[in-house]
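Engineer: Contents are compact mmCIF, C-alpha atoms; file name final37.txt:
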# COMPACT_ATOMS: atom_id res chain seq x y z
CA MET A 4 25.26 16.73 -1.11
CA ASN A 5 24.60 20.27 -2.03
CA GLY A 6 20.98 21.24 -2.35
CA LEU A 7 19.60 17.72 -2.44
CA PRO A 8 15.86 17.63 -2.08
CA ILE A 9 14.32 15.06 0.23
CA THR A 10 14.02 12.25 -2.21
CA ALA A 11 16.04 9.38 -0.81
CA ASP A 12 14.35 6.00 -0.57
CA LEU A 13 12.78 6.14 2.81
CA PRO A 14 10.58 3.98 4.97
CA ALA A 15 7.37 5.96 4.88
CA ARG A 16 7.38 6.74 1.21
CA LEU A 17 8.31 3.20 0.39
CA SER A 18 5.56 1.90 2.62
CA ALA A 19 2.87 4.06 1.16
CA SER A 20 3.80 3.33 -2.41
CA SER A 21 4.38 -0.39 -1.95
CA ALA A 22 1.01 -0.77 -0.24
CA GLU A 23 -0.67 0.96 -3.15
CA ARG A 24 1.34 -1.04 -5.62
CA LEU A 25 0.48 -4.30 -3.93
CA ALA A 26 -3.21 -3.45 -3.85
CA THR A 27 -3.12 -2.79 -7.59
CA VAL A 28 -1.10 -5.91 -8.32
CA PHE A 29 -3.39 -8.00 -6.14
CA ASP A 30 -6.53 -6.77 -7.87
CA ALA A 31 -5.05 -7.36 -11.29
CA HIS A 32 -3.70 -10.87 -10.72
CA TYR A 33 -5.56 -12.52 -7.87
CA VAL A 34 -8.00 -14.48 -10.03
CA ARG A 35 -5.36 -15.78 -12.39
CA LEU A 36 -3.04 -16.78 -9.54
CA TYR A 37 -5.83 -18.48 -7.64
CA ARG A 38 -6.79 -20.51 -10.69
CA LEU A 39 -3.23 -21.63 -11.27
CA ALA A 40 -2.67 -22.34 -7.57
CA ARG A 41 -5.86 -24.36 -7.30
CA ARG A 42 -4.68 -26.62 -10.07
CA LEU A 43 -1.33 -27.16 -8.41
CA VAL A 44 -2.44 -28.08 -4.90
CA PRO A 45 -4.91 -30.56 -3.38
CA THR A 46 -7.49 -28.21 -1.84
CA ALA A 47 -8.94 -24.73 -2.18
CA ASP A 48 -7.48 -23.81 1.21
CA ASP A 49 -4.03 -24.87 0.09
CA ALA A 50 -4.52 -22.74 -3.02
CA LEU A 51 -5.43 -19.67 -0.97
CA ASP A 52 -2.40 -20.25 1.23
CA LEU A 53 -0.19 -20.48 -1.82
CA VAL A 54 -1.66 -17.31 -3.31
CA GLN A 55 -1.21 -15.49 -0.01
CA GLU A 56 2.39 -16.58 0.30
CA THR A 57 3.03 -15.44 -3.27
CA PHE A 58 1.59 -11.98 -2.65
CA LEU A 59 3.37 -11.72 0.71
CA ARG A 60 6.62 -12.38 -1.03
CA ALA A 61 5.68 -9.69 -3.52
CA ALA A 62 4.91 -7.36 -0.62
CA ARG A 63 8.35 -7.92 0.84
CA ALA A 64 10.03 -7.35 -2.49
CA SER A 65 7.71 -4.90 -4.16
CA ARG A 66 10.60 -3.13 -5.79
CA SER A 67 11.54 -6.33 -7.61
CA ILE A 68 8.17 -6.63 -9.32
CA PRO A 69 8.49 -5.56 -12.93
CA THR A 70 5.97 -3.12 -14.33
CA GLY A 71 3.42 -3.93 -16.99
CA PHE A 72 0.62 -6.44 -16.72
CA ALA A 73 2.27 -9.33 -18.56
CA ASP A 74 5.61 -8.97 -16.77
CA GLU A 75 3.93 -8.66 -13.38
CA GLU A 76 1.94 -11.78 -14.08
CA ALA A 77 4.98 -13.74 -15.23
CA TRP A 78 6.89 -12.64 -12.13
CA LEU A 79 4.08 -13.72 -9.83
CA VAL A 80 3.65 -17.04 -11.63
CA ARG A 81 7.36 -17.75 -11.23
CA VAL A 82 7.23 -16.88 -7.54
CA LEU A 83 4.15 -19.03 -7.04
CA VAL A 84 5.68 -22.03 -8.78
CA ASN A 85 8.91 -21.59 -6.81
CA ILE A 86 7.05 -21.47 -3.51
CA ARG A 87 5.22 -24.60 -4.51
CA ARG A 88 8.53 -26.28 -5.31
CA ASP A 89 9.82 -25.40 -1.84
CA GLN A 90 6.68 -26.80 -0.25
CA TRP A 91 7.02 -29.91 -2.35
CA ARG A 92 10.60 -30.52 -1.28
CA LYS A 93 9.76 -30.03 2.39
CA ALA A 94 6.84 -32.40 2.09
CA ALA A 95 8.81 -35.08 0.28
CA VAL A 96 9.18 -37.34 3.30
CA ARG A 97 5.54 -37.08 4.27
CA ARG A 98 4.50 -37.66 0.69
CA ARG A 99 6.43 -40.88 0.43
CA TYR A 100 4.63 -42.15 3.49
CA ASN A 101 1.24 -41.12 2.11
CA GLU A 102 1.85 -42.81 -1.19
CA GLU A 103 2.55 -46.09 0.55
CA CYS A 104 -0.67 -45.79 2.52
CA ARG A 105 -2.92 -44.41 -0.21
CA PRO A 106 -6.01 -46.60 -0.72
CA SER A 107 -6.55 -47.90 -4.21
CA ILE A 108 -9.40 -46.26 -6.07
CA VAL A 109 -11.58 -47.91 -8.66
CA ALA A 110 -13.69 -46.01 -11.17
CA GLY A 111 -17.41 -46.49 -10.65
CA THR A 112 -20.64 -45.54 -12.36
CA ASP A 113 -22.81 -43.67 -9.87
CA THR A 114 -22.32 -40.02 -8.89
CA GLU A 115 -20.19 -40.71 -5.89
CA ALA A 116 -18.00 -43.04 -7.87
CA ALA A 117 -17.72 -40.44 -10.62
CA PHE A 118 -16.52 -37.95 -8.05
CA VAL A 119 -14.03 -40.45 -6.71
CA ALA A 120 -12.80 -41.19 -10.21
CA ARG A 121 -12.41 -37.49 -10.96
CA GLU A 122 -10.44 -37.06 -7.78
CA ALA A 123 -8.29 -40.01 -8.71
CA VAL A 124 -7.62 -38.61 -12.16
CA TRP A 125 -6.73 -35.24 -10.75
CA SER A 126 -4.54 -36.68 -8.04
CA ALA A 127 -2.56 -38.44 -10.76
CA LEU A 128 -1.06 -35.00 -11.29
CA ASP A 129 0.58 -35.41 -7.90
CA VAL A 130 3.16 -37.66 -9.52
CA LEU A 131 4.54 -34.59 -11.28
CA ALA A 132 6.98 -32.23 -9.62
CA PRO A 133 5.52 -28.73 -9.22
CA ARG A 134 7.18 -27.06 -12.15
CA GLN A 135 6.37 -29.91 -14.48
CA ARG A 136 2.83 -29.92 -13.21
CA ALA A 137 2.56 -26.18 -13.73
CA ILE A 138 3.82 -26.56 -17.29
CA VAL A 139 1.39 -29.37 -18.06
CA ILE A 140 -1.50 -27.38 -16.60
CA MET A 141 -0.60 -24.18 -18.39
CA HIS A 142 -0.39 -26.02 -21.69
CA GLU A 143 -3.11 -28.65 -21.45
CA ILE A 144 -5.74 -26.78 -19.45
CA GLU A 145 -4.99 -23.09 -19.79
CA GLY A 146 -4.03 -23.49 -23.42
CA LEU A 147 -0.82 -21.45 -23.28
CA THR A 148 1.74 -22.01 -26.02
CA VAL A 149 5.15 -23.48 -25.34
CA ASN A 150 6.73 -20.09 -26.00
CA ASP A 151 4.36 -18.29 -23.61
CA ILE A 152 5.22 -20.76 -20.87
CA ALA A 153 8.93 -20.51 -21.59
CA SER A 154 8.95 -16.75 -21.29
CA ALA A 155 6.75 -16.72 -18.18
CA LEU A 156 8.94 -19.22 -16.37
CA ARG A 157 12.17 -17.91 -17.89
CA ILE A 158 13.21 -21.27 -19.25
CA THR A 159 13.86 -22.32 -22.82
CA PRO A 160 11.10 -23.67 -25.07
CA ILE A 161 13.12 -26.87 -25.32
CA THR A 162 12.91 -27.31 -21.56
CA VAL A 163 9.18 -26.65 -21.66
CA ARG A 164 8.74 -29.29 -24.37
CA TRP A 165 10.81 -31.76 -22.40
CA HIS A 166 8.68 -31.22 -19.29
CA LEU A 167 5.49 -31.51 -21.32
CA SER A 168 6.47 -34.71 -22.96
CA ARG A 169 7.76 -36.26 -19.78
CA GLY A 170 4.78 -35.05 -17.76
CA ARG A 171 2.29 -36.39 -20.27
CA ARG A 172 4.02 -39.74 -20.36
CA GLU A 173 3.94 -40.07 -16.59
CA LEU A 174 0.34 -38.99 -16.43
CA ALA A 175 -0.68 -41.42 -19.14
CA ARG A 176 1.00 -44.18 -17.21
CA ALA A 177 -0.73 -43.17 -13.96
CA LEU A 178 -4.08 -42.90 -15.71
CA LYS A 179 -3.88 -46.09 -17.72
CA PRO A 180 -6.52 -47.79 -15.51
CA PHE A 181 -8.94 -45.04 -16.65
CA GLY A 182 -8.35 -45.71 -20.32
CA VAL A 183 -6.34 -42.60 -20.97
CA THR A 184 -3.99 -42.22 -23.85
CA ASP A 185 -1.39 -39.51 -24.33
CA ASP A 186 -2.90 -37.79 -27.34
CA GLU A 187 0.31 -36.11 -28.41
CA ALA A 188 2.78 -38.85 -27.64
CA MET B 6 -9.54 -44.33 -25.25
CA THR B 7 -9.94 -40.93 -23.65
CA LYS B 8 -7.55 -38.17 -24.43
CA LEU B 9 -5.39 -37.01 -21.59
CA ARG B 10 -6.30 -33.39 -22.15
CA ASP B 11 -10.05 -34.12 -22.05
CA MET B 12 -9.72 -36.25 -18.97
CA LEU B 13 -7.81 -33.58 -17.12
CA ALA B 14 -10.29 -30.93 -18.21
CA ALA B 15 -13.15 -33.07 -16.92
CA ALA B 16 -11.41 -33.57 -13.59
CA ASP B 17 -10.35 -29.93 -13.23
CA PRO B 18 -11.40 -28.86 -9.69
CA LEU B 19 -12.21 -25.37 -10.95
CA ARG B 20 -15.03 -26.86 -12.99
CA HIS B 21 -16.63 -28.33 -9.93
CA GLU B 22 -15.87 -25.86 -7.17
CA ARG B 23 -17.00 -22.37 -6.44
CA GLN B 24 -14.47 -19.61 -6.25
CA PRO B 25 -13.47 -18.87 -2.65
CA ALA B 26 -15.87 -16.50 -0.91
CA GLN B 27 -15.39 -12.80 -1.52
CA ALA B 28 -14.75 -12.35 2.21
CA ARG B 29 -11.76 -14.67 2.07
CA ARG B 30 -10.41 -12.89 -0.95
CA ASP B 31 -10.84 -9.53 0.80
CA HIS B 32 -9.17 -10.81 3.93
CA LEU B 33 -6.25 -12.08 1.92
CA ARG B 34 -6.01 -8.77 0.10
CA SER B 35 -5.90 -6.78 3.30
CA THR B 36 -3.25 -9.12 4.76
CA VAL B 37 -1.09 -8.56 1.71
CA VAL B 38 -1.55 -4.79 1.59
CA THR B 39 -0.84 -4.48 5.31
CA ALA B 40 2.30 -6.55 4.88
CA ALA B 41 3.39 -4.28 2.05
CA SER B 42 2.96 -1.17 4.16
CA HIS B 43 5.18 -2.67 6.86
CA ALA B 44 7.63 -4.22 4.50
CA TYR B 45 10.63 -2.00 5.16
CA PRO B 46 13.32 -3.16 5.34
CA PRO B 47 12.63 -6.16 3.14
CA ARG B 48 15.09 -8.60 4.70
CA ARG B 49 14.04 -8.17 8.30
CA ALA B 50 10.28 -8.15 8.19
CA ARG B 51 10.08 -9.27 11.82
CA TYR B 52 11.32 -5.87 13.02
CA PRO B 53 9.68 -3.56 10.51
CA MET B 54 9.64 -0.42 12.64
CA VAL B 55 12.90 -0.74 14.54
CA VAL B 56 15.47 -0.74 11.84
CA PRO B 57 14.42 2.48 10.12
CA VAL B 58 15.22 4.29 13.33
CA LEU B 59 18.77 3.05 13.31
CA VAL B 60 20.94 5.87 12.23
CA THR B 61 23.15 3.89 9.92
CA PHE B 62 20.26 2.40 8.00
CA ALA B 63 17.94 5.28 7.88
CA ALA B 64 20.20 8.27 7.64
CA ILE B 65 18.76 10.54 5.01
CA VAL B 66 19.67 13.81 3.62
CA ILE B 67 17.83 17.04 3.83
CA GLY B 68 19.34 19.28 1.27
CA MET B 69 19.22 22.87 2.18
CA VAL B 70 20.27 25.60 -0.10
CA ILE B 71 20.85 28.60 2.05
CA ILE B 72 20.38 31.91 0.36
CA ALA B 73 23.63 33.72 0.70
CA SER B 74 22.07 37.05 1.41
CA MET B 75 20.43 35.67 4.54
CA TRP B 76 23.82 35.34 6.04
CA SER B 77 25.22 38.67 5.02
CA HIS B 78 25.18 39.67 8.65
CA SER B 79 28.02 37.35 9.37
CA GLY B 80 28.65 39.19 12.58
CA SER B 81 25.59 37.61 14.16
CA LEU B 82 26.98 34.21 13.39
CA ALA B 83 29.96 34.98 15.52
CA GLN B 84 27.73 34.63 18.57
CA ALA B 85 28.35 31.47 20.49
CA ALA B 86 25.01 29.68 20.28
CA VAL B 87 23.12 29.04 17.09
CA ARG B 88 19.50 28.09 17.62
CA PHE B 89 18.48 25.15 15.46
CA GLU B 90 14.83 24.16 15.23
CA VAL B 91 12.65 22.08 12.98
CA HIS B 92 8.92 22.78 12.73
CA LEU B 93 6.24 21.12 10.67
CA ALA B 94 4.69 23.63 8.30
CA GLU B 95 1.82 24.11 5.87
CA ASP B 96 1.58 25.79 2.52
CA GLN B 97 -1.75 27.34 3.45
CA PRO B 98 -2.53 29.55 6.45
CA GLY B 99 -4.58 28.03 9.23
CA PRO B 100 -5.56 28.60 12.83
CA GLY B 101 -2.60 28.58 15.20
CA LEU B 102 -0.07 28.72 12.37
CA ARG B 103 2.57 31.43 12.13
CA ALA B 104 3.54 32.81 8.73
CA ALA B 105 7.24 32.84 7.92
CA ARG B 106 9.21 33.79 4.85
CA VAL B 107 11.51 31.08 3.53
CA GLY B 108 15.02 32.43 3.20
CA SER B 109 15.04 35.48 1.00
CA SER B 110 12.51 34.02 -1.42
CA ASN B 111 8.93 35.15 -1.83
CA ARG B 112 7.65 31.85 -0.55
CA THR B 113 5.77 31.85 2.74
CA VAL B 114 5.11 28.81 4.86
CA TYR B 115 2.88 28.57 7.92
CA LEU B 116 4.62 27.07 10.91
CA HIS B 117 3.08 24.80 13.48
CA PRO B 118 3.97 26.15 16.92
CA GLU B 119 5.50 22.91 18.19
CA THR B 120 9.22 22.43 17.77
CA VAL B 121 9.94 18.93 16.51
CA VAL B 122 13.64 18.87 17.27
CA THR B 123 16.06 21.45 18.52
CA ASN B 124 19.69 21.82 19.55
CA GLY B 125 19.32 19.23 22.32
CA ASP B 126 18.43 16.56 19.76
CA ILE B 127 21.64 16.96 17.80
CA ALA B 128 24.21 14.23 18.27
CA ARG B 129 26.85 16.10 16.33
CA SER B 130 27.25 18.67 13.61
CA ARG B 131 30.19 19.17 11.35
CA VAL B 132 31.29 21.18 8.41
CA ILE B 133 31.27 19.44 5.07
CA PRO B 134 32.43 20.58 1.65
CA GLY B 135 29.74 22.23 -0.44
CA GLY B 136 29.19 22.29 -4.16
CA ALA B 137 32.17 24.51 -4.92
CA PRO B 138 35.66 24.78 -3.43
CA SER B 139 34.78 27.92 -1.48
CA GLN B 140 31.39 26.70 -0.29
CA PHE B 141 30.68 24.73 2.83
CA GLY B 142 27.68 23.04 4.36
CA ILE B 143 26.77 21.58 7.69
CA ASP B 144 25.97 17.97 8.37
CA VAL B 145 23.63 17.64 11.32
CA GLN B 146 23.28 14.21 12.87
CA LEU B 147 20.39 13.76 15.28
CA ASN B 148 20.65 11.50 18.29
CA ASN B 149 18.29 8.51 18.61
CA ALA B 150 15.63 10.44 20.49
CA GLY B 151 15.78 13.26 17.96
CA ALA B 152 15.64 10.86 15.03
CA GLU B 153 12.59 9.16 16.51
CA LYS B 154 10.83 12.49 17.11
CA MET B 155 11.62 13.54 13.57
CA ARG B 156 10.39 10.27 12.15
CA GLN B 157 7.17 10.33 14.16
CA ALA B 158 6.44 13.89 13.13
CA THR B 159 7.24 13.58 9.45
CA MET B 160 5.66 10.22 8.73
CA SER B 161 2.20 11.73 9.11
CA HIS B 162 3.20 14.89 7.31
CA LEU B 163 3.93 13.56 3.86
CA GLY B 164 3.53 15.98 1.00
CA LYS B 165 3.75 19.00 3.29
CA PRO B 166 6.70 21.20 4.11
CA VAL B 167 8.98 20.90 7.08
CA ALA B 168 10.72 24.13 8.06
CA ILE B 169 14.27 24.27 9.27
CA LEU B 170 15.02 27.34 11.32
CA ILE B 171 18.37 28.76 12.26
CA ASP B 172 18.20 31.51 14.83
CA GLY B 173 14.46 31.76 14.31
CA ASN B 174 14.61 32.24 10.55
CA VAL B 175 13.28 29.65 8.17
CA VAL B 176 16.25 28.87 5.98
CA ILE B 177 14.52 26.22 3.93
CA ALA B 178 11.23 24.38 3.93
CA PRO B 179 11.49 21.28 1.79
CA THR B 180 8.45 19.12 1.18
CA VAL B 181 8.42 15.86 3.10
CA LYS B 182 8.35 13.06 0.61
CA SER B 183 9.00 10.36 3.17
CA ALA B 184 9.66 10.04 6.87
CA ILE B 185 12.84 11.77 7.82
CA ASP B 186 15.00 10.87 10.73
CA ALA B 187 18.59 10.95 11.61
CA GLU B 188 20.52 13.23 9.39
CA ALA B 189 20.22 16.61 7.83
CA VAL B 190 22.67 18.28 5.57
CA ILE B 191 22.48 22.02 5.51
CA SER B 192 24.41 22.80 2.43
CA GLY B 193 24.90 26.09 0.79
CA ASP B 194 27.39 28.75 0.08
CA TYR B 195 28.74 29.39 3.53
CA THR B 196 32.32 30.34 3.98
CA GLN B 197 34.27 27.79 5.94
CA ALA B 198 34.43 30.09 8.94
CA ASP B 199 30.65 30.69 9.00
CA ALA B 200 29.94 27.00 8.58
CA GLN B 201 32.26 26.20 11.47
CA ARG B 202 30.59 28.78 13.68
CA ILE B 203 27.11 27.47 12.90
CA ALA B 204 28.11 23.85 13.31
CA ALA B 205 29.84 24.48 16.60
CA GLY B 206 27.08 26.80 17.79
CA MET B 207 24.42 24.15 17.19
CA THR B 208 25.83 21.84 19.80
CA GLY B 209 26.72 24.64 22.17
CA ALA B 210 30.45 24.24 21.81
CA ALA B 211 32.72 27.18 21.33
CA PRO B 212 33.80 27.60 17.72
Would you mind giving the structure from this file in structure tokens?
Structural biologist:
Amino acid sequence: MNGLPITADLPARLSASSAERLATVFDAHYVRLYRLARRLVPTADDALDLVQETFLRAARASRSIPTGFADEEAWLVRVLVNIRRDQWRKAAVRRRYNEECRPSIVAGTDTEAAFVAREAVWSALDVLAPRQRAIVIMHEIEGLTVNDIASALRITPITVRWHLSRGRRELARALKPFGVTDDEA
Amino acid sequence: MTKLRDMLAAADPLRHERQPAQARRDHLRSTVVTAASHAYPPRRARYPMVVPVLVTFAAIVIGMVIIASMWSHSGSLAQAAVRFEVHLAEDQPGPGLRAARVGSSNRTVYLHPETVVTNGDIARSRVIPGGAPSQFGIDVQLNNAGAEKMRQATMSHLGKPVAILIDGNVVIAPTVKSAIDAEAVISGDYTQADAQRIAAGMTGAAP
């Protein structure tokens, strides 16, 4: 205890630095997180909520965020996907009800029908559990490699491949009425 | 047949929607940054400002190296009461500030006239072992009111010195790196007898 300077981890210093850190992290990763979130949830508002919850969790645990752009991003993506999984589990009962009551949608030719068809295609993703959906989106839409996804989500490449193959199969089945084929099956 | 990847890409909502308005993004950003600045302690975010005041959670250490020569007049320490004060200070002179030498060094700090805490804010003080067998320090524990005063004063004084005075002399003026509250350790090369006299004198008790 002799001659210690005032350097212990203290509220004010922590607050100041974690606010700065969070501002930097937010500015660096907001767009990427929003884009991922938007593809995981039904509406833009849901996506903003998910992004906010992710950053709030980061704010509460700013010391857990690794440093470096890629590691920060991977950490945030994991948190985001995990939050989505929690939401998904909580909503399971409601979802079952909705699925029973969902109106059937038929693809049409005019603009409105095209919109409806697009919505129907996209909502086919709802059959996938959040992590599987995230993996499918990262691979099929964002173009990430299996290894990139594995290291971001801290799972093995084999697991990623399993989710991809299973996710694609389920999607192809759900989208069969639209003439979709699983191109890599 | 359409490829799955192409169909998903065509249906991707980001292709057909605008990004959320800048105002919503900015609002979200400020929510997050505000949350981060109130995020201590992490597990109890509902009471962000209460827990740091709790002595057990927020006790911190002010390390004070007392220059031995300051205390060569050990006779004065034999007096019953030892005046303990903490003042905010500046590195640069300014209106209303009083210059004071720090210990026996050449460093001068400029004291704010207000006393942040004094003897009445001490819950207890005790002698603790110092860095060597013959050296002793003093552990000063502030009471809740004292800790709160200290925290309030230092949280807006980051990066500037806080001066700790014993009998009117600045013994050390460490720079505030974060809000300080409950505990101070005045460590240095006191003899055990001197440390006991100072510790006892701080709380007004007879040595």
Engineer: Find the spatial neighbours of range 28-36 of chain A, counting only C-alpha atoms, within a cut-off of 8 Å - ignore same-chain residues fewer than 6 positions away - and output them as an NGL selection string.
Structural biologist: (:A and (54 or 58 or 72 or 75-76 or 79-80 or 83)) or (:B and (34))
Engineer: Any chance you can output those residues with C-alpha atoms as a compact mmCIF listing (two decimals), in the frame of the given file?
Structural biologist:
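File written: result_2.txt
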# COMPACT_ATOMS: atom_id res chain seq x y z
CA VAL A 54 -1.66 -17.31 -3.31
CA PHE A 58 1.59 -11.98 -2.65
CA PHE A 72 0.62 -6.44 -16.72
CA GLU A 75 3.93 -8.66 -13.38
CA GLU A 76 1.94 -11.78 -14.08
CA LEU A 79 4.08 -13.72 -9.83
CA VAL A 80 3.65 -17.04 -11.63
CA LEU A 83 4.15 -19.03 -7.04
CA ARG B 34 -6.01 -8.77 0.10
Engineer: Which of these residues is nearest to chain B, using all atoms listed in the file: A:Gln90, A:Thr148, A:Gln135, A:Ser126?
Structural biologist: A:Ser126
Engineer: Kindly indicate which residue among A:Ala155, A:Ile144, A:Ala50, A:Val163 lies nearest to chain B, using only C-alpha atoms for the distances.
Structural biologist: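 For chain B, the nearest of the given residues is A:Ile144.
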Engineer: I'd like the interatomic distance between CA of Gln201 in chain B and CA of Val122 in chain B, to a tenth of an Å.
Structural biologist: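 Pair CA of Gln201 in chain B / CA of Val122 in chain B returns 20.8 Å.
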Engineer: Quick check, in Å to one decimal: how far apart do CA of Arg88 in chain B and CA of Gly173 in chain B lie?
Structural biologist: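 We find that CA of Arg88 in chain B and CA of Gly173 in chain B lie 7.1 Å from each other.
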Engineer: In Å, how far is it from CA of Glu22 in chain B to CA of Arg171 in chain A?
Structural biologist: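 Taking CA of Glu22 in chain B and CA of Arg171 in chain A, their separation equals 24.7 Å.
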Engineer: Given the choices A:Ala62, A:Val130, A:Thr70, A:Thr159, which gets closest to Ala175 in chain A if the distance is worked out from only C-alpha atoms?
Structural biologist: A:Val130
Engineer: Leaving out Ile86 in chain A and any residue of its chain fewer than 3 positions from it, which residues lie within 10 Å of it when counting all atoms listed in the file, given as a PDB file with C-alpha atoms, in the coordinates of the input?
Structural biologist:
ATOM      1  CA  LEU A  53      -0.190 -20.480  -1.820  1.00  0.00           C
ATOM      2  CA  VAL A  54      -1.660 -17.310  -3.310  1.00  0.00           C
ATOM      3  CA  GLU A  56       2.390 -16.580   0.300  1.00  0.00           C
ATOM      4  CA  THR A  57       3.030 -15.440  -3.270  1.00  0.00           C
ATOM      5  CA  ARG A  60       6.620 -12.380  -1.030  1.00  0.00           C
ATOM      6  CA  VAL A  80       3.650 -17.040 -11.630  1.00  0.00           C
ATOM      7  CA  ARG A  81       7.360 -17.750 -11.230  1.00  0.00           C
ATOM      8  CA  VAL A  82       7.230 -16.880  -7.540  1.00  0.00           C
ATOM      9  CA  LEU A  83       4.150 -19.030  -7.040  1.00  0.00           C
ATOM     10  CA  ASP A  89       9.820 -25.400  -1.840  1.00  0.00           C
ATOM     11  CA  GLN A  90       6.680 -26.800  -0.250  1.00  0.00           C
ATOM     12  CA  TRP A  91       7.020 -29.910  -2.350  1.00  0.00           C
ATOM     13  CA  ARG A  92      10.600 -30.520  -1.280  1.00  0.00           C
ATOM     14  CA  PRO A 133       5.520 -28.730  -9.220  1.00  0.00           C
TER      15      PRO A 133
END
Engineer: I need the residue nearest chain A from this list: B:Asn174, B:Ser130, B:Asn111, B:Thr39. Use all atoms listed in the file for the distance.
Structural biologist: B:Thr39
Engineer: Counting all atoms listed in the file, which residue out of A:Ala26, A:Ala127, A:Ile68, A:Ile158 sits closest to chain B?
Structural biologist: A:Ala26
Engineer: Given the choices A:Lys93, A:Arg134, A:Arg169, A:His142, which gets closest to chain B if the distance is worked out from only C-alpha atoms?
Structural biologist: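 Of A:Lys93, A:Arg134, A:Arg169, A:His142, the one nearest chain B is A:His142, counting only C-alpha atoms.
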Engineer: Given the point (8.5, 21.8, -1.4) in the file's coordinates, find the residues that have an atom at most 6 Å from it, counting only C-alpha atoms, and give them as a list in words.
Structural biologist: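 Those residues lying close to the given coordinates are Pro166, Pro179 and Thr180 of chain B.
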Engineer: Starting from the incomplete input, reconstruct N, CA and C atoms of range 44-61 of chain A and write that as an mmCIF file, keeping the file's coordinate frame.
Structural biologist:
data_model
loop_
_atom_site.group_PDB
_atom_site.id
_atom_site.type_symbol
_atom_site.label_atom_id
_atom_site.label_comp_id
_atom_site.auth_asym_id
_atom_site.auth_seq_id
_atom_site.Cartn_x
_atom_site.Cartn_y
_atom_site.Cartn_z
ATOM 1 N N VAL A 44 -2.414 -27.568 -6.272
ATOM 2 C CA VAL A 44 -2.440 -28.080 -4.900
ATOM 3 C C VAL A 44 -3.744 -28.846 -4.655
ATOM 4 N N PRO A 45 -3.759 -29.666 -3.591
ATOM 5 C CA PRO A 45 -4.910 -30.560 -3.380
ATOM 6 C C PRO A 45 -6.228 -29.867 -3.059
ATOM 7 N N THR A 46 -6.208 -28.779 -2.280
ATOM 8 C CA THR A 46 -7.490 -28.210 -1.840
ATOM 9 C C THR A 46 -7.538 -26.707 -2.085
ATOM 10 N N ALA A 47 -8.751 -26.170 -2.003
ATOM 11 C CA ALA A 47 -8.940 -24.730 -2.180
ATOM 12 C C ALA A 47 -8.209 -23.944 -1.089
ATOM 13 N N ASP A 48 -8.203 -24.501 0.125
ATOM 14 C CA ASP A 48 -7.480 -23.810 1.210
ATOM 15 C C ASP A 48 -5.980 -23.757 0.939
ATOM 16 N N ASP A 49 -5.457 -24.863 0.443
ATOM 17 C CA ASP A 49 -4.030 -24.870 0.090
ATOM 18 C C ASP A 49 -3.754 -23.822 -0.991
ATOM 19 N N ALA A 50 -4.706 -23.705 -1.923
ATOM 20 C CA ALA A 50 -4.520 -22.740 -3.020
ATOM 21 C C ALA A 50 -4.500 -21.313 -2.478
ATOM 22 N N LEU A 51 -5.414 -21.014 -1.559
ATOM 23 C CA LEU A 51 -5.430 -19.670 -0.970
ATOM 24 C C LEU A 51 -4.143 -19.392 -0.203
ATOM 25 N N ASP A 52 -3.667 -20.412 0.512
ATOM 26 C CA ASP A 52 -2.400 -20.250 1.230
ATOM 27 C C ASP A 52 -1.255 -19.940 0.270
ATOM 28 N N LEU A 53 -1.269 -20.667 -0.836
ATOM 29 C CA LEU A 53 -0.190 -20.480 -1.820
ATOM 30 C C LEU A 53 -0.267 -19.086 -2.444
ATOM 31 N N VAL A 54 -1.483 -18.656 -2.744
ATOM 32 C CA VAL A 54 -1.660 -17.310 -3.310
ATOM 33 C C VAL A 54 -1.213 -16.259 -2.298
ATOM 34 N N GLN A 55 -1.603 -16.465 -1.040
ATOM 35 C CA GLN A 55 -1.210 -15.490 -0.010
ATOM 36 C C GLN A 55 0.305 -15.424 0.131
ATOM 37 N N GLU A 56 0.931 -16.566 0.156
ATOM 38 C CA GLU A 56 2.390 -16.580 0.300
ATOM 39 C C GLU A 56 3.055 -15.890 -0.892
ATOM 40 N N THR A 57 2.480 -16.090 -2.072
ATOM 41 C CA THR A 57 3.030 -15.440 -3.270
ATOM 42 C C THR A 57 2.930 -13.918 -3.153
ATOM 43 N N PHE A 58 1.758 -13.435 -2.759
ATOM 44 C CA PHE A 58 1.590 -11.980 -2.650
ATOM 45 C C PHE A 58 2.392 -11.419 -1.474
ATOM 46 N N LEU A 59 2.543 -12.207 -0.410
ATOM 47 C CA LEU A 59 3.370 -11.720 0.710
ATOM 48 C C LEU A 59 4.816 -11.565 0.276
ATOM 49 N N ARG A 60 5.256 -12.513 -0.536
ATOM 50 C CA ARG A 60 6.620 -12.380 -1.030
ATOM 51 C C ARG A 60 6.733 -11.150 -1.929
ATOM 52 N N ALA A 61 5.701 -10.903 -2.697
ATOM 53 C CA ALA A 61 5.680 -9.690 -3.520
ATOM 54 C C ALA A 61 5.698 -8.440 -2.640
#
